Structure formats: structure tokens, C-alpha cells
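What's in target_2.cif: mmCIF, C-alpha atoms
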data_query
loop_
_atom_site.label_atom_id
_atom_site.label_comp_id
_atom_site.auth_asym_id
_atom_site.auth_seq_id
_atom_site.Cartn_x
_atom_site.Cartn_y
_atom_site.Cartn_z
CA MET A 1098 -14.00 111.36 -42.28
CA SER A 1099 -16.33 108.44 -41.62
CA SER A 1100 -15.30 105.75 -39.17
CA GLU A 1101 -14.82 103.32 -42.04
CA GLU A 1102 -12.50 105.71 -43.85
CA ARG A 1103 -10.58 106.28 -40.66
CA ALA A 1104 -10.24 102.52 -40.13
CA ALA A 1105 -9.00 102.13 -43.70
CA ALA A 1106 -6.46 104.93 -43.22
CA LEU A 1107 -5.26 103.38 -39.96
CA ASP A 1108 -5.00 100.04 -41.71
CA MET A 1109 -2.83 101.55 -44.45
CA GLU A 1110 -0.66 103.24 -41.86
CA SER A 1111 -0.06 100.06 -39.89
CA ASP A 1112 0.59 98.32 -43.22
CA ASP A 1113 3.29 100.90 -43.94
CA ARG A 1114 4.75 100.55 -40.49
CA LEU A 1115 4.87 96.77 -40.82
CA GLY A 1116 6.51 97.14 -44.21
CA ARG A 1117 9.10 99.42 -42.66
CA ARG A 1118 9.74 96.81 -39.96
CA VAL A 1119 10.32 94.14 -42.61
CA GLU A 1120 12.90 96.44 -44.21
CA LEU A 1121 14.66 97.08 -40.92
CA ILE A 1122 14.74 93.37 -40.03
CA ILE A 1123 16.22 92.46 -43.42
CA SER A 1124 18.75 95.28 -43.13
CA ARG A 1125 19.78 94.00 -39.69
CA VAL A 1126 20.14 90.38 -40.91
CA LEU A 1127 22.47 91.56 -43.68
CA ARG A 1128 24.51 93.75 -41.36
CA THR A 1129 24.89 91.02 -38.73
CA GLY A 1130 25.97 88.42 -41.30
CA VAL A 1131 28.48 90.82 -42.82
CA MET A 1132 29.93 91.88 -39.45
CA ALA A 1133 30.31 88.32 -38.15
CA SER A 1134 32.02 87.12 -41.33
CA LEU A 1135 34.26 90.20 -41.38
CA VAL A 1136 35.46 89.43 -37.83
CA LEU A 1137 36.17 85.76 -38.70
CA ILE A 1138 38.06 86.69 -41.90
CA VAL A 1139 40.20 89.36 -40.18
CA VAL A 1140 40.98 87.16 -37.14
CA GLY A 1141 41.82 84.21 -39.42
CA THR A 1142 44.15 86.34 -41.54
CA LEU A 1143 45.92 87.76 -38.47
CA LEU A 1144 46.35 84.23 -37.05
CA THR A 1145 47.81 83.07 -40.38
CA PHE A 1146 50.45 85.81 -40.30
CA LEU A 1147 51.17 85.19 -36.58
CA HIS A 1148 51.72 81.46 -37.22
CA HIS A 1149 53.86 82.13 -40.29
CA PRO A 1150 56.03 85.20 -39.70
CA GLY A 1151 57.88 84.36 -42.94
CA TYR A 1152 54.82 85.50 -44.96
CA ALA A 1153 55.89 89.09 -44.47
CA SER A 1154 59.24 88.53 -46.19
CA SER A 1155 59.28 85.42 -48.37
CA PRO A 1156 57.97 85.74 -51.96
CA SER A 1157 58.09 81.95 -52.57
CA ASP A 1158 55.38 81.43 -49.93
CA LEU A 1159 52.88 83.41 -52.04
CA ALA A 1160 53.39 81.10 -55.02
CA ARG A 1161 52.78 78.09 -52.78
CA LEU A 1162 49.61 79.62 -51.28
CA THR A 1163 48.05 80.61 -54.59
CA GLN A 1164 49.30 78.05 -57.12
CA PRO A 1165 46.73 75.86 -58.88
CA GLY A 1166 46.14 72.77 -56.77
CA ALA A 1167 47.05 74.47 -53.48
CA ALA A 1168 45.47 72.84 -50.41
CA VAL A 1169 42.21 74.78 -50.47
CA PRO A 1170 39.56 73.78 -47.90
CA HIS A 1171 36.51 72.66 -49.85
CA THR A 1172 34.43 70.53 -47.49
CA LEU A 1173 32.43 71.60 -44.44
CA ARG A 1174 34.11 68.89 -42.38
CA GLY A 1175 37.57 70.09 -43.43
CA VAL A 1176 36.73 73.65 -42.46
CA ALA A 1177 35.24 72.57 -39.10
CA THR A 1178 38.27 70.48 -38.02
CA GLY A 1179 40.59 73.30 -39.12
CA VAL A 1180 38.65 75.85 -37.05
CA LEU A 1181 38.86 73.60 -33.98
CA ALA A 1182 42.63 73.38 -34.52
CA LEU A 1183 42.67 77.22 -34.72
CA ARG A 1184 44.13 77.18 -38.24
CA GLY A 1185 44.00 80.71 -39.62
CA GLN A 1186 42.98 79.75 -43.18
CA SER A 1187 40.14 77.54 -41.89
CA ILE A 1188 38.77 80.40 -39.80
CA VAL A 1189 38.90 82.59 -42.93
CA ALA A 1190 37.06 79.85 -44.86
CA ALA A 1191 34.38 79.71 -42.14
CA GLY A 1192 33.96 83.48 -42.46
CA LEU A 1193 33.64 83.18 -46.25
CA LEU A 1194 31.02 80.44 -45.89
CA LEU A 1195 29.02 82.62 -43.52
CA LEU A 1196 29.23 85.47 -46.02
CA MET A 1197 27.93 83.19 -48.82
CA LEU A 1198 25.10 82.04 -46.59
CA THR A 1199 23.98 85.58 -45.69
CA PRO A 1200 21.81 86.16 -48.83
CA VAL A 1201 20.15 82.77 -48.30
CA ILE A 1202 19.37 83.61 -44.66
CA ARG A 1203 18.07 86.98 -45.88
CA VAL A 1204 15.56 85.24 -48.17
CA ALA A 1205 14.48 82.86 -45.38
CA VAL A 1206 13.96 85.73 -42.92
CA SER A 1207 11.94 87.66 -45.54
CA ILE A 1208 9.45 84.77 -45.69
CA VAL A 1209 8.86 85.05 -41.95
CA ALA A 1210 8.64 88.84 -42.17
CA PHE A 1211 6.00 88.69 -44.93
CA MET A 1212 4.08 86.10 -42.88
CA VAL A 1213 3.94 88.53 -39.96
CA GLN A 1214 2.64 91.12 -42.42
CA ARG A 1215 0.04 88.54 -43.58
CA ASP A 1216 1.10 89.19 -47.15
CA ARG A 1217 0.26 85.84 -48.75
CA VAL A 1218 1.38 86.72 -52.28
CA TYR A 1219 4.85 87.71 -51.10
CA VAL A 1220 5.14 84.73 -48.74
CA ALA A 1221 4.54 82.56 -51.82
CA ILE A 1222 6.96 84.47 -54.06
CA THR A 1223 9.77 84.45 -51.49
CA SER A 1224 9.23 80.77 -50.65
CA VAL A 1225 9.62 79.83 -54.33
CA VAL A 1226 12.85 81.87 -54.49
CA LEU A 1227 14.20 80.01 -51.43
CA LEU A 1228 13.19 76.64 -52.94
CA LEU A 1229 14.96 77.50 -56.20
CA LEU A 1230 18.07 78.55 -54.25
CA LEU A 1231 18.12 75.28 -52.29
CA LEU A 1232 17.52 73.35 -55.52
CA SER A 1233 20.53 75.02 -57.12
CA PHE A 1234 22.66 74.10 -54.09
CA ALA A 1235 21.51 70.48 -54.39
CA LEU A 1236 22.11 70.37 -58.16
CA GLY A 1237 25.50 72.03 -57.65
CA ARG A 1238 26.57 69.31 -55.25
CA SER A 1239 25.52 66.50 -57.59
CA ALA A 1240 27.27 68.19 -60.53
CA VAL A 1241 30.65 68.14 -58.78
CA MET B 368 55.82 89.67 -54.04
CA THR B 369 55.51 88.52 -50.43
CA PRO B 370 52.18 87.19 -49.12
CA LEU B 371 51.87 90.33 -46.98
CA ALA B 372 52.30 92.62 -49.99
CA PHE B 373 49.74 90.59 -51.92
CA VAL B 374 47.19 90.98 -49.12
CA LEU B 375 47.69 94.74 -49.02
CA TRP B 376 47.45 95.27 -52.81
CA ALA B 377 44.43 92.99 -53.13
CA LEU B 378 42.79 94.90 -50.27
CA LEU B 379 43.28 98.20 -52.12
CA ALA B 380 41.99 96.93 -55.50
CA SER B 381 38.98 95.33 -53.79
CA PHE B 382 38.20 98.50 -51.89
CA LEU B 383 37.87 100.32 -55.24
CA ALA B 384 35.79 97.47 -56.67
CA GLY B 385 33.42 97.61 -53.69
CA LEU B 386 33.10 101.38 -53.95
CA ILE B 387 32.23 101.35 -57.67
CA GLY B 388 30.21 98.13 -57.53
CA SER B 389 27.96 99.39 -54.74
CA LEU B 390 27.21 102.63 -56.62
CA LEU B 391 26.44 100.92 -59.93
CA GLY B 392 24.69 97.75 -58.74
CA LEU B 393 27.49 95.49 -60.02
CA GLY B 394 29.51 92.84 -58.23
CA GLY B 395 32.90 94.34 -58.98
CA GLY B 396 34.13 91.26 -60.89
CA ILE B 397 35.06 93.49 -63.83
CA ILE B 398 37.70 95.08 -61.56
CA ILE B 399 38.61 92.13 -59.32
CA ILE B 400 39.32 89.55 -62.05
CA PRO B 401 41.73 91.66 -64.14
CA ALA B 402 43.41 93.05 -61.00
CA LEU B 403 44.05 89.57 -59.61
CA THR B 404 45.07 87.83 -62.84
CA LEU B 405 46.94 90.50 -64.81
CA TRP B 406 48.46 92.51 -62.00
CA LEU B 407 48.85 90.10 -59.06
CA HIS B 408 49.35 86.94 -61.22
CA ILE B 409 46.73 84.81 -59.51
CA ASP B 410 45.37 81.73 -61.29
CA ILE B 411 42.09 82.49 -63.15
CA ARG B 412 40.20 79.78 -61.19
CA TYR B 413 40.92 81.46 -57.86
CA ALA B 414 40.25 84.89 -59.38
CA ILE B 415 36.76 83.79 -60.45
CA GLY B 416 36.15 82.20 -57.04
CA ALA B 417 37.21 85.45 -55.35
CA SER B 418 34.96 87.45 -57.67
CA ILE B 419 31.91 85.36 -56.64
CA VAL B 420 32.80 86.21 -53.02
CA SER B 421 33.13 89.84 -54.06
CA VAL B 422 29.62 89.90 -55.61
CA ILE B 423 28.10 88.59 -52.37
CA ALA B 424 30.16 90.98 -50.26
CA THR B 425 29.17 94.03 -52.35
CA SER B 426 25.55 92.99 -52.26
CA SER B 427 25.28 92.26 -48.54
CA GLY B 428 27.52 95.17 -47.56
CA ALA B 429 25.62 97.79 -49.55
CA ALA B 430 22.10 96.37 -49.39
CA ALA B 431 21.91 96.76 -45.61
CA THR B 432 22.14 100.52 -46.15
CA TYR B 433 19.97 100.62 -49.29
CA VAL B 434 17.11 98.68 -47.68
CA ARG B 435 17.21 100.85 -44.57
CA GLU B 436 17.20 104.05 -46.65
CA ARG B 437 14.45 102.65 -48.94
CA LEU B 438 16.63 103.18 -52.03
CA ALA B 439 16.28 99.49 -52.91
CA ASN B 440 12.73 98.40 -53.78
CA LEU B 441 12.29 95.16 -51.80
CA ARG B 442 9.12 94.04 -53.56
CA VAL B 443 10.54 94.55 -57.04
CA ALA B 444 13.67 92.63 -55.94
CA MET B 445 11.67 89.69 -54.55
CA VAL B 446 9.47 89.41 -57.65
CA LEU B 447 12.40 89.64 -60.07
CA GLU B 448 14.46 87.13 -58.04
CA LEU B 449 11.90 84.53 -59.15
CA ALA B 450 13.11 85.06 -62.71
CA THR B 451 16.85 85.39 -61.98
CA THR B 452 17.03 82.17 -59.92
CA THR B 453 15.02 80.25 -62.56
CA GLY B 454 17.35 81.69 -65.19
CA ALA B 455 20.46 80.69 -63.22
CA LEU B 456 19.15 77.11 -62.97
CA SER B 457 18.41 77.04 -66.72
CA GLY B 458 21.89 78.41 -67.37
CA ALA B 459 23.46 75.61 -65.31
CA PHE B 460 21.39 73.10 -67.33
CA LEU B 461 22.39 74.66 -70.67
CA ALA B 462 26.10 74.89 -69.78
CA GLY B 463 28.14 72.90 -72.28
CA ARG B 464 25.13 72.45 -74.58
CA ILE B 465 25.37 75.71 -76.51
CA ALA B 466 28.28 77.55 -78.07
CA THR B 467 29.11 80.45 -75.76
CA ARG B 468 30.86 82.27 -78.61
CA TRP B 469 27.54 83.45 -80.09
CA LEU B 470 26.28 84.39 -76.66
CA TYR B 471 29.22 86.76 -76.25
CA PHE B 472 28.31 88.31 -79.59
CA ILE B 473 24.62 88.63 -78.85
CA PHE B 474 25.03 90.04 -75.35
CA GLY B 475 27.88 92.28 -76.34
CA ALA B 476 25.51 93.80 -78.92
CA VAL B 477 22.60 93.97 -76.44
CA MET B 478 24.79 95.76 -73.90
CA ALA B 479 26.15 98.21 -76.47
CA TYR B 480 22.55 98.99 -77.46
CA SER B 481 21.46 99.45 -73.81
CA SER B 482 24.36 101.78 -73.12
CA ILE B 483 23.31 103.97 -76.06
CA MET B 484 19.68 103.99 -74.87
CA MET B 485 20.73 104.84 -71.32
CA PHE B 486 22.95 107.61 -72.64
CA ARG B 487 20.06 109.07 -74.67
CA LYS B 488 17.86 109.07 -71.58
CA MET B 489 20.51 111.14 -69.78
CA GLY B 490 19.11 114.59 -70.49
CA GLY B 491 15.52 113.41 -70.24
CA GLY B 492 15.31 113.74 -66.48
CA SER B 493 12.52 111.86 -64.78
CA SER B 494 9.65 111.78 -67.26
CA ARG B 495 7.89 108.76 -65.81
CA SER B 496 5.64 106.52 -67.83
CA ARG B 497 1.89 106.83 -67.33
CA ARG B 498 1.16 103.51 -69.04
CA PRO B 499 -1.29 101.20 -67.24
CA ALA B 500 0.53 98.57 -65.18
CA PRO B 501 -1.92 95.91 -63.93
CA TRP B 502 0.76 93.53 -62.61
CA ALA B 503 2.67 96.22 -60.77
CA ASP B 504 -0.62 97.47 -59.27
CA ARG B 505 -1.56 93.98 -58.15
CA LEU B 506 1.90 93.31 -56.65
CA ARG B 507 2.07 96.83 -55.16
CA LEU B 508 5.45 97.60 -56.72
CA HIS B 509 5.07 101.39 -56.97
CA SER B 510 7.01 103.21 -54.30
CA SER B 511 9.00 106.30 -53.39
CA TYR B 512 12.40 107.16 -51.95
CA TYR B 513 14.05 110.17 -50.41
CA ASP B 514 16.61 111.67 -52.80
CA GLU B 515 19.33 113.49 -50.86
CA ALA B 516 20.78 115.11 -54.00
CA LEU B 517 17.41 116.68 -54.85
CA GLY B 518 16.40 117.10 -51.22
CA LYS B 519 12.91 115.66 -51.69
CA GLU B 520 10.82 112.50 -51.75
CA ILE B 521 10.56 111.04 -55.27
CA ALA B 522 7.52 108.89 -56.06
CA TYR B 523 7.76 106.49 -58.98
CA ARG B 524 5.60 104.00 -60.85
CA VAL B 525 6.75 100.59 -62.01
CA VAL B 526 5.64 99.43 -65.48
CA SER B 527 6.14 96.37 -67.74
CA THR B 528 6.58 93.85 -64.93
CA ARG B 529 6.26 90.90 -67.31
CA ILE B 530 8.90 92.26 -69.70
CA GLY B 531 11.11 92.87 -66.68
CA LEU B 532 10.63 89.25 -65.56
CA GLY B 533 11.56 88.04 -69.07
CA LEU B 534 14.72 90.17 -69.14
CA MET B 535 15.72 89.00 -65.65
CA TYR B 536 15.28 85.37 -66.72
CA VAL B 537 17.71 86.01 -69.58
CA ALA B 538 20.08 87.86 -67.20
CA GLY B 539 20.01 84.80 -64.91
CA ILE B 540 20.86 82.46 -67.80
CA VAL B 541 23.73 84.68 -68.92
CA SER B 542 25.25 84.89 -65.46
CA GLY B 543 24.93 81.11 -65.11
CA LEU B 544 26.50 80.45 -68.52
CA LEU B 545 29.12 83.16 -68.96
CA GLY B 546 29.92 83.83 -65.31
CA ILE B 547 29.63 87.58 -65.82
CA GLY B 548 28.05 89.64 -63.10
CA SER B 549 24.42 90.02 -64.06
CA GLY B 550 24.24 93.55 -62.62
CA VAL B 551 25.25 95.01 -66.00
CA LEU B 552 22.08 93.45 -67.45
CA LYS B 553 19.79 94.00 -64.43
CA VAL B 554 20.30 97.74 -64.13
CA PRO B 555 19.35 98.59 -67.78
CA ALA B 556 16.32 96.24 -67.54
CA MET B 557 14.97 98.13 -64.52
CA ASP B 558 16.04 101.56 -65.76
CA LEU B 559 14.91 101.28 -69.41
CA ALA B 560 12.05 98.76 -69.40
CA MET B 561 10.45 99.05 -65.96
CA GLY B 562 10.70 102.79 -65.40
CA LEU B 563 12.54 102.69 -62.06
CA PRO B 564 14.70 105.75 -61.25
CA VAL B 565 18.36 104.97 -62.01
CA LYS B 566 19.47 105.15 -58.34
CA VAL B 567 16.66 102.79 -57.33
CA SER B 568 17.72 100.49 -60.20
CA THR B 569 21.34 100.23 -59.06
CA ALA B 570 20.38 99.87 -55.39
CA THR B 571 17.81 97.15 -56.18
CA SER B 572 20.25 95.36 -58.50
CA ASN B 573 22.75 95.45 -55.65
CA PHE B 574 20.25 93.79 -53.35
CA MET B 575 19.51 91.06 -55.92
CA ILE B 576 23.00 90.08 -57.16
CA GLY B 577 23.87 88.49 -53.81
CA VAL B 578 21.13 85.89 -54.23
CA THR B 579 22.13 85.10 -57.83
CA ALA B 580 25.77 84.67 -56.77
CA ALA B 581 24.90 82.63 -53.66
CA ALA B 582 23.15 80.14 -55.95
CA SER B 583 26.47 79.29 -57.59
CA ALA B 584 28.85 79.97 -54.68
CA GLY B 585 28.30 76.49 -53.22
CA ILE B 586 29.50 74.91 -56.47
CA TYR B 587 32.68 77.01 -56.55
CA PHE B 588 33.43 76.23 -52.90
CA SER B 589 33.05 72.46 -53.24
CA ARG B 590 35.21 72.53 -56.39
CA GLY B 591 37.97 74.13 -54.30
CA ASP B 592 37.97 77.34 -56.37
CA ILE B 593 37.67 79.63 -53.35
CA ASP B 594 41.18 80.00 -51.95
CA PRO B 595 40.83 81.65 -48.53
CA PHE B 596 44.19 83.35 -48.89
CA VAL B 597 43.07 85.09 -52.10
CA ALA B 598 39.43 85.63 -51.12
CA ALA B 599 40.10 87.06 -47.62
CA PRO B 600 41.55 90.45 -48.66
CA VAL B 601 39.00 90.64 -51.49
CA ALA B 602 36.06 90.14 -49.11
CA VAL B 603 37.37 92.64 -46.54
CA GLY B 604 38.30 95.29 -49.13
CA VAL B 605 34.99 94.98 -50.97
CA LEU B 606 32.95 95.14 -47.76
CA LEU B 607 34.71 98.34 -46.68
CA GLY B 608 34.36 99.89 -50.16
CA ALA B 609 30.67 98.97 -50.36
CA ALA B 610 29.98 100.37 -46.90
CA ILE B 611 31.36 103.75 -47.99
CA GLY B 612 29.94 103.69 -51.55
CA SER B 613 26.44 102.90 -50.31
CA ARG B 614 26.50 106.08 -48.20
CA TRP B 615 27.34 108.15 -51.28
CA LEU B 616 24.66 106.91 -53.69
CA SER B 617 21.81 108.88 -52.16
CA ARG B 618 23.85 112.09 -52.42
CA LEU B 619 24.95 111.59 -56.05
CA ARG B 620 22.88 112.97 -58.90
CA GLY B 621 21.02 110.43 -61.00
CA SER B 622 22.73 111.69 -64.17
CA THR B 623 26.17 111.13 -62.59
CA VAL B 624 25.31 107.53 -61.71
CA ARG B 625 23.91 107.00 -65.21
CA GLY B 626 27.03 108.52 -66.81
CA ILE B 627 29.46 106.25 -64.91
CA PHE B 628 27.25 103.25 -65.63
CA VAL B 629 27.16 103.95 -69.39
CA VAL B 630 30.98 104.06 -69.52
CA VAL B 631 31.31 100.76 -67.62
CA LEU B 632 28.59 99.15 -69.75
CA LEU B 633 30.37 100.15 -72.99
CA TRP B 634 33.64 98.75 -71.62
CA VAL B 635 32.05 95.38 -70.77
CA ALA B 636 30.21 95.30 -74.13
CA ALA B 637 33.49 95.84 -75.99
CA GLN B 638 35.16 93.04 -74.03
CA MET B 639 32.32 90.63 -74.74
CA LEU B 640 32.31 91.44 -78.46
CA LEU B 641 36.09 90.90 -78.54
CA ARG B 642 35.74 87.49 -76.89
CA GLY B 643 33.04 86.62 -79.43
CA ILE B 644 35.30 87.58 -82.32
CA ARG B 645 38.29 85.69 -80.92
CA GLY B 646 36.10 82.63 -80.32
#

Structure rendered as C-alpha cells:
Amino acid sequence: MSSEERAAALDMESDDRLGRRVELIISRVLRTGVMASLVLIVVGTLLTFLHHPGYASSPSDLARLTQPGAAVPHTLRGVATGVLALRGQSIVAAGLLLLMLTPVIRVAVSIVAFMVQRDRVYVAITSVVLLLLLLSFALGRSAV
Amino acid sequence: MTPLAFVLWALLASFLAGLIGSLLGLGGGIIIIPALTLWLHIDIRYAIGASIVSVIATSSGAAATYVRERLANLRVAMVLELATTTGALSGAFLAGRIATRWLYFIFGAVMAYSSIMMFRKMGGGSSRSRRPAPWADRLRLHSSYYDEALGKEIAYRVVSTRIGLGLMYVAGIVSGLLGIGSGVLKVPAMDLAMGLPVKVSTATSNFMIGVTAAASAGIYFSRGDIDPFVAAPVAVGVLLGAAIGSRWLSRLRGSTVRGIFVVVLLWVAAQMLLRGIRG
């Protein structure tokens, strides 16, 4: 094996190893997002049942909680003030928001990971995906 | 039903949805929505909101495992996400401008056709295409994964990247317009058109559906369609189901995964055709 061939082989190997690192980083981002939101959702639900012991026995409460037009938190500010007041349902909502944000964070982290790999084509592809995602968030807000 | 009983039943149904969804690359909406509306009598708005949460939960819960085990093809996912997100945006733009009735017809027929094609491929094993694939070469999409059921590393080639992009664009539009999980369209596109092994197709679809759903989740949240009381047990149940299902996929035989997928695909196709007929 000539020195050039050996250099090329080494290059491919480090390329593979970098690729593997990208995969592990993305896997860890997903796992962390999922775990954190799981904790918030479970804690929020437990708090809800602690604050309202009647929920274990009263069927009419379910209708009130799930009827159309129930007081559902739908603004970031509403969720934030509810979390500070330790309201169970607001903590659940915060957990759900974090869960929804996890794929977006995953895309953002992939851009950085491909940059480290110096993979220009994939930095470009992933950046466009992130832009399109942010655009759809912006359009979604204006549509409401 | 008391609120406590609701939480427990929803948890159980969602656990099943997460288990099946993670194996097949679907969001589990086809289980969650009927379970919540027909069985637990939840308003359809909140059921759809909860099903969006369920898609993201299945995706993030299972993809962590699939990416680590190299079952999901990251590069294929990133490239195809270009088309699905563009499609989702187009779908949002087209909403209310075209009659969805015909879409149900067309896609019901397309899905019935794909299920037949996937069924016919069942006995074929892994005869991989040798066609030239300049785009896939350029984007370095070819890869391999370790198959636990076969006990060996399986190398595969990716073909027809441009056709795949076109199909994913359409899948994005459909999920934006009809609100159906686009996994049922993504898996056949990768399996039939692009030559990916079926387990890689479902794992990669799983990885992608989270991004498609996240694009519309913000809209559902600000409309107040995501009721935390309904969505909480769904999210927890689905996450647990997906965590377990994603550990099974590598050990299942490809033909088993394909068989379950064909049945689910036929079921969804029949439902879509029915909705098209009813108008």
C-alpha cells in the first residue's frame, strides 16, 4: 500500500468515525428531549391529581376537562405563568411543547454536526430543511 | 368514566399505538384517533391534536434507538425531508382550495396499489437493484446495517433519488391537506421506488415523521387543539411503546414487518376510499 493509498484509507476511516459521531450526537439529542418532556408530563399529571383528589372518583370532571372549549393553554405566556404557579396542566403543556420542539432542535444540531464533518452539501440541505420548518411555524402563526 | 380511568385507558391504547407505530414507521394516529373518539368519547379536535403529539413522540422515542443502531439512514432522511417540508408548506397553501373528496379517492387507490405491490415483493427477498444511481452516488446515500434477525451486516444501494423526492413531496402535501400520517406513504416510496430494505424504510420513515408533524404542531397548539389532559397520557403511553417497539425491529424478520405493514396499509386505503365515496 502506497503512502497515498494509506492516507486515503485513513481519511475514509476518520470520515466514518465522524459520521458515527454525528449519529450518536443526534441520538443523544432525541433521547434527552424525550426524557425531559416525559419527566415534565408525568410530574404535571401527578400534581393535577394531587391538587384535585376528586378526579379519581368524579365522572363529571372528565367531561369538563375534555369538552370542546375547555380552558386549554394555547399561548407561551399562559403556559409560563401557569408553570410558575405550579399548575399541573401547565407543567404538562410545557412538557408537550418541549416534545414538539425536539425534532426542530434535532435538525438544528444536525447542521452543526455536518459542519464539524465539513460536509458542505449536507450543511446546505439541512439548513434549507430548518428554514422551511421555521417558515411553516411563521406561516402557521399568521394563519391563526 | 372518571378522569383517572380515562388516563389509564388512554395510556394503554397509546402504548399499543407506540409499539406498532415504531415498528411500521407510522405515527400511530390510525390507532389513537379512533380509540379516543369512538371508545373514550373525546372531541375530534382534541383527538387530532393528541395524534400530532403522538406522531412526534413515536418519532423521537424510536429514532434515538434507530439512529444509534444505524437502522435509520440519516442521509436519506435529511435529503427527503427537503421534499416533505416543501410538500407540507404547499399543502397548507392548497388547503381549502381543492376538493379533498377526490384526494381521498386518489390516495386510497394509490395506497391499495402500493399494498399489492409490497405484498408481491414479499417472497422476493432482497434482490437489490443494480441500476445506475448518479444522485445517490453523489449524495453518498448507499449504506449498510446490522440485521439481528439474519445475524449479519446487510449492505444496500439506494436508487431513484429523484423519484423518491417527488413521492415525498406528494406525501408532504397529503399530510398537510388530509392530516393523515404520512408514514403510510413514505414507507412504500422508500421500499418500492428507492430500493431500501423494508426495516430501513420503516426506521427512516420513523425518523422523518417527527419533522413533518413538528411543522404543523405549532398551528394546532396556538389554536388550542392540544388539550394537556388528553395529550399527556397519549404522549407517555406512546413514548413507552415506541421505546420497546424500537428494540424489537432489528430482531424481526423483514417479511414479518412487510406483512403487518401491508395489512395496515390496506385498512387505511379502505378507510380513505370510503371517505371519498361518502364525500

Go through A:Ser1233, A:Val1220, A:Val1136, A:Thr1178 one by one, measure the shortest atom-to-atom distance of each to chain B using all atoms listed in the file, and give the residue with the smallest value.
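Ranked by minimum distance to chain B, first place goes to A:Ser1233.
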
Take the PyMOL selection byres ((chain A and resi 1190-1196) around 9), run it mentally on this structure, and tell me the resulting residues as a PyMOL selection string.
(chain A and resi 1130-1131+1133-1139+1141+1170-1171+1173+1176-1177+1180+1185-1189+1197-1200) or (chain B and resi 420+423-424+427+585+588+593-596+598-599+602)

Output check: residues returned by the PyMOL selection byres ((chain B and resi 510) around 6), as a PyMOL selection string
chain B and resi 509+511+522-523

Write out, as a PDB file, in the coordinates of the input, the residues just selected, with C-alpha atoms.
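Wrote again_3.pdb, looks like this:
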ATOM      1  CA  HIS B 509       5.070 101.390 -56.970  1.00  0.00           C
ATOM      2  CA  SER B 511       9.000 106.300 -53.390  1.00  0.00           C
ATOM      3  CA  ALA B 522       7.520 108.890 -56.060  1.00  0.00           C
ATOM      4  CA  TYR B 523       7.760 106.490 -58.980  1.00  0.00           C
TER       5      TYR B 523
END

Separation of CA of Gly562 (chain B) from CA of Leu438 (chain B) in Å
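One can read the CA of Leu438 (chain B) to CA of Gly562 (chain B) distance as 14.6 Å.
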
Expressed in Å to a single decimal, how great is the separation between CA of Met489 (chain B) and CA of Val567 (chain B)?
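About the pair CA of Met489 (chain B) and CA of Val567 (chain B): they are 15.5 Å apart.
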
For the interface of chain B with chain A (cut-off 6 Å, counting all atoms listed in the file), please tabulate each contacting residue of chain B alongside its nearest pair of atoms and their separation in Å to one decimal, rows sorted by chain and increasing number, as a tab-separated table.
residue	atom	partner	partner_atom	distance
B:Met368	CA	A:Pro1156	CA	4.9
B:Thr369	CA	A:Pro1156	CA	4.0
B:Pro370	CA	A:Leu1159	CA	4.8
B:Leu371	CA	A:Ala1153	CA	4.9
B:Ser427	CA	A:Leu1127	CA	5.7
B:Ala431	CA	A:Ser1124	CA	4.3
B:Val434	CA	A:Glu1120	CA	5.9
B:Arg435	CA	A:Leu1121	CA	5.8
B:Leu449	CA	A:Val1226	CA	5.4
B:Gly577	CA	A:Pro1200	CA	5.9
B:Val578	CA	A:Pro1200	CA	5.4
B:Ala581	CA	A:Met1197	CA	5.7
B:Ala582	CA	A:Leu1230	CA	5.6
B:Ile586	CA	A:Gly1237	CA	5.1
B:Phe588	CA	A:His1171	CA	5.6
B:Ser589	CA	A:His1171	CA	4.8
B:Gly591	CA	A:His1171	CA	4.9
B:Asp594	CA	A:Val1169	CA	5.5
B:Pro595	CA	A:Ala1190	CA	5.6

Would you export the selected residues with C-alpha atoms as a compact mmCIF listing (two decimals), keeping the file's coordinate frame, please?
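This went into result10.txt:
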# COMPACT_ATOMS: atom_id res chain seq x y z
CA MET B 368 55.82 89.67 -54.04
CA THR B 369 55.51 88.52 -50.43
CA PRO B 370 52.18 87.19 -49.12
CA LEU B 371 51.87 90.33 -46.98
CA SER B 427 25.28 92.26 -48.54
CA ALA B 431 21.91 96.76 -45.61
CA VAL B 434 17.11 98.68 -47.68
CA ARG B 435 17.21 100.85 -44.57
CA LEU B 449 11.90 84.53 -59.15
CA GLY B 577 23.87 88.49 -53.81
CA VAL B 578 21.13 85.89 -54.23
CA ALA B 581 24.90 82.63 -53.66
CA ALA B 582 23.15 80.14 -55.95
CA ILE B 586 29.50 74.91 -56.47
CA PHE B 588 33.43 76.23 -52.90
CA SER B 589 33.05 72.46 -53.24
CA GLY B 591 37.97 74.13 -54.30
CA ASP B 594 41.18 80.00 -51.95
CA PRO B 595 40.83 81.65 -48.53

Rounded to one decimal in Å, what is the spacing between CA of Ser482 (chain B) and CA of Trp634 (chain B)?
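So the two atoms, CA of Ser482 (chain B) and CA of Trp634 (chain B), lie 9.9 Å apart.
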
Check what the PyMOL selection byres ((chain B and resi 377) around 9) selects in the file above and give those residues as JSON, numbers by chain.
{"B": [372, 373, 374, 375, 376, 378, 379, 380, 381, 382, 399, 402, 403, 407, 597, 600, 601, 604]}

Kindly indicate which residue among B:Arg505, B:Ala384, B:Ala500, B:Leu390 lies nearest to Arg614 (chain B), using all atoms listed in the file for the distances.
B:Leu390

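Proximity ranking of B:Ala516, B:Leu545, B:Ala584, B:Leu506 relative to Arg642 (chain B) places B:Leu545 first, based on only C-alpha atoms.
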
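Of the listed residues (B:Arg497, B:Arg590, B:Arg620, B:Lys553), B:Lys553 comes nearest to Ile576 (chain B); the distances count only C-alpha atoms.
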
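Ranking B:Ala556, B:Ile627, B:Leu619, B:Leu393 by their shortest atom-to-atom distance to Gly533 (chain B), with only C-alpha atoms included, puts B:Ala556 first.
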
If we count all atoms listed in the file, what is near Gly388 (chain B) at a cut-off of 10 Å, once residues fewer than 5 positions away on the same chain are taken out, given as a count of residues only?
22

Go through A:Gln1214, A:Ile1208, A:Gly1179, A:Leu1147 and flag the residue nearest Asp1113 (chain A), using only C-alpha atoms for the distances.
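Among the listed residues, the smallest separation from Asp1113 (chain A) belongs to A:Gln1214.
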